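Chemist: Coordinates in target.pdb, PDB, C-alpha atoms, pLDDT in the B column, are listed below.
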ATOM      1  CA  MET A   1      -3.543 -25.076 -27.908  1.00 76.00           C
ATOM      2  CA  PRO A   2      -5.278 -25.387 -24.466  1.00 83.00           C
ATOM      3  CA  PHE A   3      -2.791 -28.076 -23.365  1.00 85.00           C
ATOM      4  CA  LEU A   4       0.154 -25.862 -24.327  1.00 85.00           C
ATOM      5  CA  VAL A   5      -1.429 -22.921 -22.536  1.00 85.00           C
ATOM      6  CA  ALA A   6      -1.791 -25.006 -19.368  1.00 86.00           C
ATOM      7  CA  LEU A   7       1.773 -26.296 -19.671  1.00 87.00           C
ATOM      8  CA  GLN A   8       3.095 -22.769 -20.201  1.00 87.00           C
ATOM      9  CA  PHE A   9       1.155 -21.365 -17.259  1.00 87.00           C
ATOM     10  CA  LEU A  10       1.761 -24.115 -14.699  1.00 91.00           C
ATOM     11  CA  THR A  11       5.385 -25.014 -15.499  1.00 91.00           C
ATOM     12  CA  ILE A  12       8.643 -23.525 -16.713  1.00 90.00           C
ATOM     13  CA  PHE A  13       8.907 -25.950 -19.615  1.00 87.00           C
ATOM     14  CA  PRO A  14       9.834 -23.979 -22.762  1.00 83.00           C
ATOM     15  CA  VAL A  15       6.537 -23.785 -24.608  1.00 77.00           C
ATOM     16  CA  HIS A  16       5.785 -21.442 -27.483  1.00 76.00           C
ATOM     17  CA  THR A  17       2.393 -21.054 -29.122  1.00 72.00           C
ATOM     18  CA  ALA A  18       1.937 -19.888 -32.679  1.00 68.00           C
ATOM     19  CA  VAL A  19      -0.583 -17.249 -31.647  1.00 69.00           C
ATOM     20  CA  MET A  20      -1.309 -15.402 -28.411  1.00 73.00           C
ATOM     21  CA  PRO A  21      -3.824 -17.418 -26.321  1.00 70.00           C
ATOM     22  CA  ASP A  22      -7.190 -15.721 -25.931  1.00 68.00           C
ATOM     23  CA  ASP A  23      -9.620 -15.906 -23.018  1.00 70.00           C
ATOM     24  CA  GLN A  24     -11.244 -19.053 -24.378  1.00 78.00           C
ATOM     25  CA  ASP A  25      -7.872 -20.790 -24.676  1.00 73.00           C
ATOM     26  CA  GLN A  26      -7.173 -19.867 -21.050  1.00 80.00           C
ATOM     27  CA  ALA A  27     -10.544 -21.229 -19.976  1.00 78.00           C
ATOM     28  CA  SER A  28     -10.124 -24.454 -21.953  1.00 83.00           C
ATOM     29  CA  SER A  29      -6.646 -24.969 -20.500  1.00 83.00           C
ATOM     30  CA  LEU A  30      -8.276 -25.733 -17.142  1.00 90.00           C
ATOM     31  CA  GLU A  31      -9.290 -29.124 -18.545  1.00 90.00           C
ATOM     32  CA  TRP A  32      -5.627 -30.106 -18.760  1.00 92.00           C
ATOM     33  CA  TYR A  33      -4.549 -29.267 -15.215  1.00 94.00           C
ATOM     34  CA  GLY A  34      -4.674 -32.895 -14.076  1.00 94.00           C
ATOM     35  CA  VAL A  35      -2.578 -34.001 -17.035  1.00 95.00           C
ATOM     36  CA  ILE A  36       0.010 -31.335 -16.216  1.00 96.00           C
ATOM     37  CA  GLY A  37       0.037 -32.706 -12.675  1.00 96.00           C
ATOM     38  CA  LEU A  38       0.699 -36.167 -14.089  1.00 96.00           C
ATOM     39  CA  LEU A  39       3.608 -34.822 -16.129  1.00 96.00           C
ATOM     40  CA  ILE A  40       5.103 -33.087 -13.087  1.00 96.00           C
ATOM     41  CA  GLY A  41       4.667 -36.226 -11.018  1.00 96.00           C
ATOM     42  CA  VAL A  42       6.451 -38.389 -13.580  1.00 97.00           C
ATOM     43  CA  VAL A  43       9.390 -35.966 -13.784  1.00 96.00           C
ATOM     44  CA  VAL A  44       9.691 -35.782  -9.994  1.00 97.00           C
ATOM     45  CA  ALA A  45       9.401 -39.553  -9.574  1.00 96.00           C
ATOM     46  CA  ILE A  46      12.076 -40.243 -12.193  1.00 96.00           C
ATOM     47  CA  ALA A  47      14.393 -37.664 -10.639  1.00 96.00           C
ATOM     48  CA  GLY A  48      13.843 -39.169  -7.205  1.00 96.00           C
ATOM     49  CA  SER A  49      14.572 -42.681  -8.429  1.00 95.00           C
ATOM     50  CA  VAL A  50      17.829 -41.561 -10.031  1.00 95.00           C
ATOM     51  CA  LEU A  51      19.016 -39.376  -7.144  1.00 95.00           C
ATOM     52  CA  ASP A  52      18.023 -41.990  -4.568  1.00 90.00           C
ATOM     53  CA  GLY A  53      20.904 -44.193  -5.645  1.00 84.00           C
ATOM     54  CA  ILE A  54      23.445 -41.381  -5.399  1.00 91.00           C
ATOM     55  CA  PHE A  55      22.615 -39.341  -2.289  1.00 94.00           C
ATOM     56  CA  SER A  56      21.343 -39.960   1.212  1.00 94.00           C
ATOM     57  CA  PRO A  57      17.535 -39.837   1.693  1.00 94.00           C
ATOM     58  CA  SER A  58      17.641 -36.340   3.207  1.00 95.00           C
ATOM     59  CA  VAL A  59      19.828 -34.845   0.471  1.00 96.00           C
ATOM     60  CA  CYS A  60      17.839 -36.665  -2.186  1.00 96.00           C
ATOM     61  CA  ALA A  61      14.619 -35.237  -0.754  1.00 96.00           C
ATOM     62  CA  ALA A  62      16.071 -31.717  -0.740  1.00 97.00           C
ATOM     63  CA  LEU A  63      17.069 -32.002  -4.399  1.00 97.00           C
ATOM     64  CA  VAL A  64      13.700 -33.467  -5.398  1.00 97.00           C
ATOM     65  CA  LEU A  65      11.872 -30.719  -3.521  1.00 96.00           C
ATOM     66  CA  THR A  66      14.007 -28.082  -5.226  1.00 96.00           C
ATOM     67  CA  LEU A  67      13.203 -29.576  -8.621  1.00 96.00           C
ATOM     68  CA  TRP A  68       9.510 -29.753  -7.723  1.00 95.00           C
ATOM     69  CA  VAL A  69       9.370 -26.059  -6.842  1.00 94.00           C
ATOM     70  CA  LEU A  70      11.477 -25.006  -9.837  1.00 94.00           C
ATOM     71  CA  ILE A  71       9.292 -26.901 -12.314  1.00 94.00           C
ATOM     72  CA  THR A  72       6.357 -24.691 -11.368  1.00 92.00           C
ATOM     73  CA  GLY A  73       8.447 -21.520 -11.250  1.00 91.00           C
ATOM     74  CA  ALA A  74       7.428 -21.209  -7.575  1.00 89.00           C
ATOM     75  CA  LEU A  75       4.041 -20.032  -8.884  1.00 88.00           C
ATOM     76  CA  HIS A  76       2.011 -21.902  -6.277  1.00 90.00           C
ATOM     77  CA  ILE A  77       4.449 -21.103  -3.460  1.00 92.00           C
ATOM     78  CA  ASP A  78       3.938 -17.435  -4.288  1.00 90.00           C
ATOM     79  CA  GLY A  79       0.182 -17.957  -4.118  1.00 90.00           C
ATOM     80  CA  LEU A  80       0.565 -19.650  -0.748  1.00 92.00           C
ATOM     81  CA  GLY A  81       2.547 -16.723   0.650  1.00 90.00           C
ATOM     82  CA  ASP A  82       0.059 -14.156  -0.636  1.00 89.00           C
ATOM     83  CA  SER A  83      -2.843 -16.185   0.765  1.00 91.00           C
ATOM     84  CA  ILE A  84      -1.258 -16.465   4.210  1.00 91.00           C
ATOM     85  CA  ASP A  85      -0.724 -12.710   4.368  1.00 88.00           C
ATOM     86  CA  ALA A  86      -4.263 -12.084   3.098  1.00 87.00           C
ATOM     87  CA  MET A  87      -5.812 -14.201   5.852  1.00 84.00           C
ATOM     88  CA  PHE A  88      -4.629 -11.578   8.338  1.00 82.00           C
ATOM     89  CA  GLY A  89      -6.300  -8.718   6.474  1.00 76.00           C
ATOM     90  CA  SER A  90      -8.773  -6.677   8.498  1.00 71.00           C
ATOM     91  CA  SER A  91     -11.465  -6.918   5.808  1.00 81.00           C
ATOM     92  CA  ARG A  92     -12.255  -8.635   2.514  1.00 86.00           C
ATOM     93  CA  GLU A  93     -11.146  -5.582   0.554  1.00 86.00           C
ATOM     94  CA  ARG A  94      -7.914  -5.334   2.519  1.00 86.00           C
ATOM     95  CA  SER A  95      -7.205  -9.047   2.023  1.00 84.00           C
ATOM     96  CA  LEU A  96      -7.672  -8.776  -1.743  1.00 85.00           C
ATOM     97  CA  GLN A  97      -5.419  -5.724  -1.757  1.00 85.00           C
ATOM     98  CA  ILE A  98      -2.721  -7.608   0.187  1.00 83.00           C
ATOM     99  CA  MET A  99      -2.722 -10.343  -2.455  1.00 83.00           C
ATOM    100  CA  LYS A 100      -1.696  -7.812  -5.075  1.00 83.00           C
ATOM    101  CA  ASP A 101       1.232  -6.620  -2.960  1.00 75.00           C
ATOM    102  CA  PRO A 102       4.458  -8.272  -4.250  1.00 77.00           C
ATOM    103  CA  ARG A 103       6.064  -8.003  -0.814  1.00 79.00           C
ATOM    104  CA  CYS A 104       6.166 -11.042   1.487  1.00 80.00           C
ATOM    105  CA  GLY A 105       5.203 -10.514   5.117  1.00 82.00           C
ATOM    106  CA  PRO A 106       6.740 -12.349   8.102  1.00 85.00           C
ATOM    107  CA  MET A 107       3.762 -14.685   8.480  1.00 88.00           C
ATOM    108  CA  ALA A 108       3.965 -15.649   4.809  1.00 89.00           C
ATOM    109  CA  ALA A 109       7.717 -16.280   5.009  1.00 92.00           C
ATOM    110  CA  THR A 110       7.283 -18.391   8.145  1.00 92.00           C
ATOM    111  CA  GLY A 111       4.379 -20.334   6.666  1.00 93.00           C
ATOM    112  CA  ILE A 112       6.250 -21.105   3.444  1.00 94.00           C
ATOM    113  CA  ALA A 113       9.299 -22.273   5.409  1.00 95.00           C
ATOM    114  CA  LEU A 114       7.210 -24.602   7.576  1.00 95.00           C
ATOM    115  CA  ILE A 115       5.331 -26.010   4.589  1.00 95.00           C
ATOM    116  CA  LEU A 116       8.569 -26.730   2.720  1.00 95.00           C
ATOM    117  CA  LEU A 117       9.969 -28.360   5.856  1.00 96.00           C
ATOM    118  CA  LEU A 118       6.961 -30.677   6.054  1.00 96.00           C
ATOM    119  CA  MET A 119       7.244 -31.421   2.352  1.00 96.00           C
ATOM    120  CA  HIS A 120      10.922 -32.285   2.762  1.00 96.00           C
ATOM    121  CA  ALA A 121      10.101 -34.630   5.642  1.00 95.00           C
ATOM    122  CA  GLY A 122       7.510 -36.470   3.567  1.00 95.00           C
ATOM    123  CA  ILE A 123       9.790 -36.811   0.543  1.00 96.00           C
ATOM    124  CA  THR A 124      12.595 -38.040   2.807  1.00 96.00           C
ATOM    125  CA  GLN A 125      10.347 -40.855   4.020  1.00 95.00           C
ATOM    126  CA  ILE A 126       9.534 -41.758   0.426  1.00 95.00           C
ATOM    127  CA  ALA A 127      13.274 -41.793  -0.339  1.00 94.00           C
ATOM    128  CA  ILE A 128      13.807 -44.177   2.580  1.00 94.00           C
ATOM    129  CA  THR A 129      11.127 -46.592   1.365  1.00 92.00           C
ATOM    130  CA  GLY A 130      12.068 -46.137  -2.293  1.00 91.00           C
ATOM    131  CA  ASN A 131       8.405 -46.007  -3.318  1.00 91.00           C
ATOM    132  CA  TRP A 132       8.791 -43.171  -5.816  1.00 94.00           C
ATOM    133  CA  PHE A 133       5.982 -44.436  -8.028  1.00 94.00           C
ATOM    134  CA  VAL A 134       3.346 -43.280  -5.543  1.00 94.00           C
ATOM    135  CA  ILE A 135       4.576 -39.675  -5.668  1.00 95.00           C
ATOM    136  CA  ILE A 136       3.248 -39.382  -9.249  1.00 96.00           C
ATOM    137  CA  ALA A 137      -0.290 -39.158  -7.891  1.00 96.00           C
ATOM    138  CA  ILE A 138       0.326 -36.188  -5.589  1.00 96.00           C
ATOM    139  CA  PRO A 139       0.645 -33.379  -8.199  1.00 97.00           C
ATOM    140  CA  ILE A 140      -2.403 -34.843  -9.953  1.00 97.00           C
ATOM    141  CA  PHE A 141      -4.587 -34.632  -6.852  1.00 96.00           C
ATOM    142  CA  ALA A 142      -3.296 -31.121  -6.175  1.00 96.00           C
ATOM    143  CA  ARG A 143      -4.297 -29.769  -9.574  1.00 96.00           C
ATOM    144  CA  ILE A 144      -7.606 -31.598  -9.550  1.00 96.00           C
ATOM    145  CA  SER A 145      -8.301 -29.801  -6.272  1.00 96.00           C
ATOM    146  CA  ALA A 146      -7.748 -26.491  -8.082  1.00 95.00           C
ATOM    147  CA  GLN A 147     -10.176 -27.588 -10.797  1.00 94.00           C
ATOM    148  CA  CYS A 148     -12.770 -28.491  -8.160  1.00 94.00           C
ATOM    149  CA  LEU A 149     -12.237 -25.147  -6.441  1.00 94.00           C
ATOM    150  CA  LEU A 150     -12.877 -23.147  -9.607  1.00 92.00           C
ATOM    151  CA  LEU A 151     -15.861 -25.344 -10.449  1.00 91.00           C
ATOM    152  CA  SER A 152     -17.538 -24.944  -7.077  1.00 91.00           C
ATOM    153  CA  THR A 153     -16.500 -21.527  -5.783  1.00 91.00           C
ATOM    154  CA  PRO A 154     -17.330 -17.964  -6.875  1.00 89.00           C
ATOM    155  CA  TYR A 155     -14.348 -15.949  -8.060  1.00 89.00           C
ATOM    156  CA  ALA A 156     -13.586 -13.144  -5.627  1.00 83.00           C
ATOM    157  CA  ARG A 157     -12.368 -10.684  -8.265  1.00 78.00           C
ATOM    158  CA  VAL A 158     -14.121  -9.327 -11.321  1.00 74.00           C
ATOM    159  CA  ASP A 159     -10.906  -9.219 -13.331  1.00 71.00           C
ATOM    160  CA  GLY A 160      -7.873 -11.413 -13.874  1.00 64.00           C
ATOM    161  CA  ILE A 161      -7.101 -14.686 -15.641  1.00 63.00           C
ATOM    162  CA  GLY A 162      -8.959 -16.727 -13.056  1.00 69.00           C
ATOM    163  CA  SER A 163     -12.140 -14.754 -13.573  1.00 71.00           C
ATOM    164  CA  SER A 164     -12.152 -15.313 -17.330  1.00 72.00           C
ATOM    165  CA  MET A 165     -11.369 -18.995 -16.809  1.00 76.00           C
ATOM    166  CA  VAL A 166     -14.336 -19.474 -14.479  1.00 75.00           C
ATOM    167  CA  VAL A 167     -16.678 -17.694 -16.889  1.00 75.00           C
ATOM    168  CA  GLY A 168     -15.469 -19.420 -20.062  1.00 78.00           C
ATOM    169  CA  MET A 169     -14.715 -22.963 -18.932  1.00 82.00           C
ATOM    170  CA  ASP A 170     -16.757 -25.918 -20.169  1.00 84.00           C
ATOM    171  CA  ARG A 171     -17.831 -27.351 -16.813  1.00 88.00           C
ATOM    172  CA  GLU A 172     -18.765 -30.760 -18.178  1.00 91.00           C
ATOM    173  CA  ARG A 173     -15.419 -31.230 -19.911  1.00 92.00           C
ATOM    174  CA  VAL A 174     -13.503 -30.122 -16.804  1.00 91.00           C
ATOM    175  CA  ILE A 175     -15.448 -32.579 -14.641  1.00 93.00           C
ATOM    176  CA  ILE A 176     -14.818 -35.439 -17.071  1.00 93.00           C
ATOM    177  CA  ALA A 177     -11.115 -34.612 -17.342  1.00 93.00           C
ATOM    178  CA  ALA A 178     -10.723 -34.353 -13.558  1.00 94.00           C
ATOM    179  CA  THR A 179     -12.553 -37.640 -13.028  1.00 95.00           C
ATOM    180  CA  VAL A 180     -10.483 -39.589 -15.556  1.00 95.00           C
ATOM    181  CA  VAL A 181      -7.100 -38.329 -14.344  1.00 95.00           C
ATOM    182  CA  GLY A 182      -8.263 -38.637 -10.728  1.00 94.00           C
ATOM    183  CA  LEU A 183      -8.992 -42.331 -11.263  1.00 94.00           C
ATOM    184  CA  VAL A 184      -5.469 -42.749 -12.654  1.00 95.00           C
ATOM    185  CA  ALA A 185      -4.057 -41.118  -9.514  1.00 94.00           C
ATOM    186  CA  PHE A 186      -6.234 -43.322  -7.289  1.00 93.00           C
ATOM    187  CA  ILE A 187      -4.970 -46.432  -9.056  1.00 93.00           C
ATOM    188  CA  ILE A 188      -1.374 -45.238  -8.585  1.00 93.00           C
ATOM    189  CA  ILE A 189      -1.670 -44.862  -4.812  1.00 92.00           C
ATOM    190  CA  GLY A 190      -3.699 -48.068  -4.507  1.00 88.00           C
ATOM    191  CA  PHE A 191      -7.256 -48.645  -3.328  1.00 84.00           C
ATOM    192  CA  SER A 192      -6.003 -49.560   0.151  1.00 83.00           C
ATOM    193  CA  ASN A 193      -4.964 -45.906   0.559  1.00 84.00           C
ATOM    194  CA  TRP A 194      -8.527 -44.592   0.240  1.00 86.00           C
ATOM    195  CA  TYR A 195      -7.984 -42.589   3.418  1.00 89.00           C
ATOM    196  CA  VAL A 196      -5.623 -40.300   1.468  1.00 90.00           C
ATOM    197  CA  ILE A 197      -8.567 -39.203  -0.667  1.00 92.00           C
ATOM    198  CA  ALA A 198     -10.662 -38.691   2.459  1.00 93.00           C
ATOM    199  CA  ALA A 199      -7.951 -36.549   4.069  1.00 93.00           C
ATOM    200  CA  LEU A 200      -7.535 -34.413   0.949  1.00 95.00           C
ATOM    201  CA  ALA A 201     -11.308 -33.992   0.680  1.00 95.00           C
ATOM    202  CA  ILE A 202     -11.468 -32.742   4.281  1.00 95.00           C
ATOM    203  CA  LEU A 203      -8.591 -30.362   3.557  1.00 95.00           C
ATOM    204  CA  PHE A 204     -10.390 -29.057   0.464  1.00 96.00           C
ATOM    205  CA  ILE A 205     -13.645 -28.464   2.332  1.00 96.00           C
ATOM    206  CA  GLY A 206     -11.851 -26.676   5.160  1.00 95.00           C
ATOM    207  CA  LEU A 207      -9.793 -24.392   2.921  1.00 95.00           C
ATOM    208  CA  ARG A 208     -12.733 -23.618   0.662  1.00 95.00           C
ATOM    209  CA  SER A 209     -14.822 -22.661   3.702  1.00 94.00           C
ATOM    210  CA  LEU A 210     -12.034 -20.354   4.867  1.00 93.00           C
ATOM    211  CA  MET A 211     -11.886 -18.684   1.445  1.00 93.00           C
ATOM    212  CA  ILE A 212     -15.652 -18.159   1.402  1.00 93.00           C
ATOM    213  CA  ARG A 213     -15.646 -16.716   4.912  1.00 91.00           C
ATOM    214  CA  LYS A 214     -12.682 -14.397   4.348  1.00 90.00           C
ATOM    215  CA  LEU A 215     -12.934 -13.480   0.661  1.00 90.00           C
ATOM    216  CA  LEU A 216     -16.447 -14.551  -0.374  1.00 90.00           C
ATOM    217  CA  GLY A 217     -14.772 -16.702  -3.022  1.00 88.00           C
ATOM    218  CA  CYS A 218     -11.450 -17.840  -4.397  1.00 91.00           C
ATOM    219  CA  THR A 219      -8.612 -16.218  -6.337  1.00 89.00           C
ATOM    220  CA  GLY A 220      -5.649 -17.456  -8.345  1.00 88.00           C
ATOM    221  CA  ASP A 221      -3.501 -17.083  -5.238  1.00 90.00           C
ATOM    222  CA  THR A 222      -5.792 -19.175  -3.062  1.00 93.00           C
ATOM    223  CA  ALA A 223      -5.955 -21.816  -5.797  1.00 93.00           C
ATOM    224  CA  GLY A 224      -2.150 -21.915  -5.748  1.00 93.00           C
ATOM    225  CA  ALA A 225      -2.171 -22.207  -1.962  1.00 95.00           C
ATOM    226  CA  LEU A 226      -4.625 -25.099  -2.216  1.00 96.00           C
ATOM    227  CA  ILE A 227      -2.322 -26.861  -4.682  1.00 96.00           C
ATOM    228  CA  VAL A 228       0.697 -26.558  -2.371  1.00 96.00           C
ATOM    229  CA  LEU A 229      -1.177 -27.647   0.758  1.00 96.00           C
ATOM    230  CA  THR A 230      -2.748 -30.581  -1.082  1.00 97.00           C
ATOM    231  CA  GLU A 231       0.722 -31.704  -2.174  1.00 96.00           C
ATOM    232  CA  VAL A 232       2.057 -31.428   1.384  1.00 96.00           C
ATOM    233  CA  PHE A 233      -0.834 -33.348   2.933  1.00 94.00           C
ATOM    234  CA  GLY A 234      -0.719 -35.904   0.133  1.00 94.00           C
ATOM    235  CA  ILE A 235       2.995 -36.561   0.596  1.00 95.00           C
ATOM    236  CA  ILE A 236       2.625 -36.879   4.354  1.00 93.00           C
ATOM    237  CA  PHE A 237      -0.227 -39.383   4.076  1.00 91.00           C
ATOM    238  CA  VAL A 238       1.334 -41.595   1.400  1.00 88.00           C
ATOM    239  CA  SER A 239       4.889 -41.574   2.794  1.00 78.00           C
TER     240      SER A 239
END
If you convert what's in this file into structure tokens, what do you get?

Modeler:
Amino acid sequence: MPFLVALQFLTIFPVHTAVMPDDQDQASSLEWYGVIGLLIGVVVAIAGSVLDGIFSPSVCAALVLTLWVLITGALHIDGLGDSIDAMFGSSRERSLQIMKDPRCGPMAATGIALILLLMHAGITQIAITGNWFVIIAIPIFARISAQCLLLSTPYARVDGIGSSMVVGMDRERVIIAATVVGLVAFIIIGFSNWYVIAALAILFIGLRSLMIRKLLGCTGDTAGALIVLTEVFGIIFVS
């Protein structure tokens, strides 16, 4: 059940559970985030390998990026936009209120466009080299970063799915799951690319510090923003 809950929440794959997931199922699903990242990475890598032989690198990258965003239902992109708008809030309370606003401000729209442009550039370089295998690791690292965020950071709201996940998760199991899948991702990119891990760790520390300073914690939106930015930085560094 927890795996299906994670798959249903993080992707648009048609998943149906026999019963409605409860709070504990939601919390336990956090253990599977890295595995869902692996699944997304495999789908994207296969699509890239197939499209690479049909279209030019730029067009191939655009199609792969479109697939990548669609697989997640633009969930994390939405979180990125809300987080960008929230960073310009005049206070913590105002920032949290902005995150609940479904409207997208000009800064959010601009930020999303620039991030997608950078992501397209990185995927284009991968299409040129043909090294699609390495892209499998990027969604894994991104979702492990979300696990680490929820493990190490207070939740800024007292309600919501994220709050119940933080309270109910088995920390030891999440750490073990993240470590195992993280090692798989590290093997995929190769030990010579250790600097990619270092860069993503610096990114994580910086974004987490920003969340603490602005919100006194994290939210589901900021976790989504972290996932997107980790993917962008990861693609740029491995391409």

Chemist: Hey, could you make a per-residue contact list for range 179-239 of chain A against range 67-74 of chain A with 12 Å as the cut-off, showing the nearest pair of atoms and its distance in Å to one decimal, counting all atoms listed in the file, sorted by chain and number, as a tab-separated table?

Modeler:
residue	atom	partner	partner_atom	distance
A:Asp221	CA	A:Ala74	CA	11.9
A:Gly224	CA	A:Ala74	CA	9.8
A:Ala225	CA	A:Ala74	CA	11.2
A:Ile227	CA	A:Thr72	CA	11.2
A:Val228	CA	A:Val69	CA	9.8
A:Glu231	CA	A:Trp68	CA	10.6
A:Val232	CA	A:Trp68	CA	11.9

Chemist: Keeping only C-alpha atoms, take the residues you just selected and write them out as a short mmCIF file (atom, residue, chain, number, x, y, z; two decimals), in the frame of the given file.

Modeler:
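To be explicit, this is the file written out as result00.cif:
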data_model
loop_
_atom_site.label_atom_id
_atom_site.label_comp_id
_atom_site.auth_asym_id
_atom_site.auth_seq_id
_atom_site.Cartn_x
_atom_site.Cartn_y
_atom_site.Cartn_z
CA ASP A 221 -3.50 -17.08 -5.24
CA GLY A 224 -2.15 -21.92 -5.75
CA ALA A 225 -2.17 -22.21 -1.96
CA ILE A 227 -2.32 -26.86 -4.68
CA VAL A 228 0.70 -26.56 -2.37
CA GLU A 231 0.72 -31.70 -2.17
CA VAL A 232 2.06 -31.43 1.38
#

Chemist: Residues at most 12 Å from Leu114 in chain A, counting all atoms listed in the file, excluding those fewer than 5 positions away in the same chain, as a ChimeraX atom specification?

Modeler: /A:77,80-81,107-109,119-121,229,232

Chemist: In Å, how far is it from CA of Val44 in chain A to CA of Leu30 in chain A?

Modeler: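 If I compute the distance from CA of Val44 in chain A to CA of Leu30 in chain A, I get 21.8 Å.
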
Chemist: Taking the file as I've supplied it (selection: the PyMOL selection byres ((chain A and resi 51-54) around 12)), which residues are included? Please answer as a list in words.

Modeler: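 In the shown coordinates, the PyMOL selection byres ((chain A and resi 51-54) around 12) covers Val44, Ala45, Ile46, Ala47, Gly48, Ser49, Val50, Phe55, Ser56, Pro57, Ser58, Val59, Cys60, Ala61, Ala62, Leu63, Val64, Leu65, Leu67, Ile123, Thr124, Gln125, Ile126, Ala127, Ile128, Thr129, Gly130, Asn131 and Trp132 of chain A.
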
Chemist: Using all atoms listed in the file, which of the listed residues (A:Gly234, A:Arg213, A:Gly220, A:Val43) sits closest to Phe9 in chain A?

Modeler: A:Gly220

Chemist: Could you tell me, as a count of residues only, exactly which residues end up selected when the PyMOL selection byres ((chain A and resi 41) around 8) is applied to this structure?

Modeler: 14

Chemist: With 12 Å as the threshold, what does the neighbourhood of (-4.5, -43.4, -10.0) contain in terms of residues, counting all atoms listed in the file? Coordinates are those of the file; answer as a VMD selection string.

Modeler: chain A and resid 34 to 35 37 to 38 41 133 to 141 178 to 194 196 to 197
